[in-house]
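Engineer: One structure, as structure tokens, below. Some questions next.
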Amino acid sequence: MSHPLVYAIGFLAQAFFSGRILVQWLLSERAKKVMSPNLFWVFSLIGSILLFIYGWLRDDFSIILGQLISYYIYIWNLNIKGIWKRLPVVLRWLINLLPVGATGMMLSDAPSFVQHFFHNSDVPLWLLVLGSMGQIIFTVRFIYQWYYSYRRQASILPIGFWIISLVGSGMIVLYAIIRLDPVLILGQSVGFVAYTRNIILSLRQKRA
């Protein structure tokens, strides 16, 4: 589906993702070290919900896969920062169950799911594989971030997170260019400079 409203949802999601990078970048420049601000995780969760809806409406499995993997890592970081428990219990339950419910809807009619997502005439299988690999690599950064932070019981954005970001982002941009997806092209391109800058700041931190 390429309705203007669908693109609006996608661009709004990317606005939150770009906003999280901008906030993190500015606060890190001010502190002269890599920061993991609260807004980074709040914007991440909101953007993830919106991009999941966008991927569903676009019949794009690779986008949905990427959001399913990182969704609960955002919640974990919000929890360890003490923000998650401030939300009303009902809202927390709804946010927690959203991916479960959406996945259940996708799998409730397996033949239709396979037809829409894996046999989408707009996305040939090789392109779906490229996009999915990009999303997986891009999302592995959050698995790495979670593992790194879990061992230290603090929300941290280590240098490996930014290196993986560059690799995954490059693959997603290539996928988006081939598919002519302006939402993904814009959203991923914005982060290139910030990822590089955070790598530089991380190296300076280590030397210091």
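So you can find residues: chains in the structure tokens are A, B, ... in the order shown, residues in each start at 1, and ligands are numbered from 1 in order.
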Give me, as a list in words, all polymer residues having an atom no more than 12 Å from Leu27 (chain A), counting only C-alpha atoms and skipping those fewer than 6 positions away in the same chain.
Structural biologist: Arg20, Ile21, Lys33, Val34, Met35, Ser36, Pro37, Asn38, Leu39, Phe40, Ala194, Asn198 and Leu201 of chain A
Engineer: Hey, can you spit out that residue selection with N, CA and C atoms as a short mmCIF file (atom, residue, chain, number, x, y, z; two decimals), in the first residue's frame?
Structural biologist:
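Dumped to out_20.cif:
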```
data_model
loop_
_atom_site.label_atom_id
_atom_site.label_comp_id
_atom_site.auth_asym_id
_atom_site.auth_seq_id
_atom_site.Cartn_x
_atom_site.Cartn_y
_atom_site.Cartn_z
N ARG A 20 15.92 10.63 18.03
CA ARG A 20 16.68 9.97 19.11
C ARG A 20 18.18 10.09 18.87
N ILE A 21 18.57 9.95 17.59
CA ILE A 21 19.99 10.06 17.24
C ILE A 21 20.48 11.49 17.45
N LYS A 33 31.55 12.73 25.69
CA LYS A 33 31.58 11.28 25.78
C LYS A 33 30.24 10.74 25.32
N VAL A 34 30.19 9.46 24.99
CA VAL A 34 28.96 8.85 24.48
C VAL A 34 27.95 8.70 25.61
N MET A 35 26.75 9.27 25.39
CA MET A 35 25.69 9.24 26.39
C MET A 35 24.56 8.30 25.95
N SER A 36 23.77 7.84 26.93
CA SER A 36 22.58 7.03 26.66
C SER A 36 21.39 7.72 27.32
N PRO A 37 20.90 8.82 26.71
CA PRO A 37 19.84 9.62 27.34
C PRO A 37 18.48 8.92 27.36
N ASN A 38 17.64 9.34 28.30
CA ASN A 38 16.30 8.76 28.42
C ASN A 38 15.48 8.92 27.15
N LEU A 39 15.55 10.10 26.54
CA LEU A 39 14.76 10.37 25.34
C LEU A 39 15.14 9.44 24.19
N PHE A 40 16.37 8.98 24.15
CA PHE A 40 16.80 8.06 23.10
C PHE A 40 15.92 6.82 23.11
N ALA A 194 26.09 10.71 12.62
CA ALA A 194 26.03 10.51 14.07
C ALA A 194 26.73 9.23 14.48
N ASN A 198 29.96 9.16 16.97
CA ASN A 198 29.96 8.42 18.23
C ASN A 198 31.13 7.44 18.31
N LEU A 201 34.04 9.62 19.34
CA LEU A 201 33.94 9.96 20.76
C LEU A 201 34.29 8.76 21.64
#
```
Engineer: Determine, counting only C-alpha atoms, which protein, DNA and RNA residues have an atom within 12 Å of an atom of Trp76 (chain A); residues of the same chain fewer than 2 positions away are not included. Present the result as a list in words.
Structural biologist: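 That gives Trp41, Val42, Ser44, Leu45, Ser70, Tyr71, Tyr72, Ile73, Tyr74, Leu78, Asn79, Ile80, Lys81, Gly82, Ile83, Trp84, Lys85, Asn96, Phe142, Ile143, Gln145, Trp146, Tyr147, Ser149, Tyr150, Gln153, Ala154 and Ser155 of chain A.
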Engineer: Leaving out Leu97 (chain A) and any residue of its chain fewer than 5 positions from it, which residues lie within 12 Å of it when counting only C-alpha atoms, given as a ChimeraX atom specification?
Structural biologist: /A:49,68,71-72,90-92,102-104
Engineer: Which residues come within 9 Å of Ala8 (chain A), counting only C-alpha atoms, excluding same-chain residues fewer than 5 positions away, as a ChimeraX atom specification?
Structural biologist: /A:3,13,54
Engineer: Would you save the residues from that selection as a compact mmCIF listing (two decimals), in the first residue's frame, using C-alpha atoms?
Structural biologist:
```
# COMPACT_ATOMS: atom_id res chain seq x y z
CA HIS A 3 -1.31 5.69 0.30
CA ALA A 13 8.37 6.89 12.72
CA TYR A 54 4.13 1.13 8.47
```
Engineer: Residues at most 10 Å from Ala176 (chain A), counting only C-alpha atoms, excluding those fewer than 4 positions away in the same chain, as a PyMOL selection string?
Structural biologist: chain A and resi 127+131+170-172+180-186+188
Engineer: Expressed in Å to a single decimal, how great is the separation between CA of Tyr148 (chain A) and CA of Asn77 (chain A)?
Structural biologist: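 So the answer is 11.7 Å.
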Engineer: Apply DSSP to the structure's backbone, then extract all residues of region 2-160 of chain A labelled helix (DSSP H, G or I) and return them as an MDAnalysis selection string.
Structural biologist: chainID A and resid 4:31 38:57 61:80 84:86 89:108 110:117 125:152 159:160
Engineer: Using only C-alpha atoms, pick whichever of A:Ile177, A:Met133, A:Ala31, A:Leu87 has the shortest atom-to-atom distance to Gln205 (chain A).
Structural biologist: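 Smallest distance to Gln205 (chain A) is found for A:Ala31.
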Engineer: Can you list, as a PDB file with C-alpha atoms, in the first residue's frame, every protein, DNA or RNA residue that comes within 9 Å of Leu51 (chain A) when you count only C-alpha atoms, leaving out same-chain residues fewer than 4 positions away?
Structural biologist:
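Generated file (around.pdb):
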```pdb
ATOM      1  CA  ILE A   9       3.122   7.082   9.389  1.00  0.00           C
ATOM      2  CA  GLY A  10       6.497   5.928   8.067  1.00  0.00           C
ATOM      3  CA  PHE A  11       7.978   9.424   8.003  1.00  0.00           C
ATOM      4  CA  LEU A  12       6.672  10.089  11.525  1.00  0.00           C
ATOM      5  CA  ALA A  13       8.368   6.886  12.717  1.00  0.00           C
ATOM      6  CA  GLN A  14      11.633   7.935  11.067  1.00  0.00           C
ATOM      7  CA  ILE A  46       7.453   5.233  19.859  1.00  0.00           C
ATOM      8  CA  GLY A  47       9.243   5.028  16.514  1.00  0.00           C
ATOM      9  CA  GLY A  55       5.760  -2.201   7.618  1.00  0.00           C
ATOM     10  CA  TRP A  56       2.443  -4.003   8.060  1.00  0.00           C
ATOM     11  CA  ILE A  63      10.692  -3.956   8.421  1.00  0.00           C
ATOM     12  CA  ILE A  64       8.420  -5.926  10.759  1.00  0.00           C
ATOM     13  CA  GLN A  67      11.037  -4.045  14.920  1.00  0.00           C
TER      14      GLN A  67
END
```
Engineer: Could you tell me how far CA of Leu5 (chain A) lies from CA of Ser18 (chain A), in Å and to one decimal?
Structural biologist: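 So the answer is 19.6 Å.
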Engineer: In Å, with one decimal, what is the gap from CA of Gly187 (chain A) to CA of Gly19 (chain A)?
Structural biologist: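 According to the coordinates, CA of Gly187 (chain A) and CA of Gly19 (chain A) are separated by 10.1 Å.
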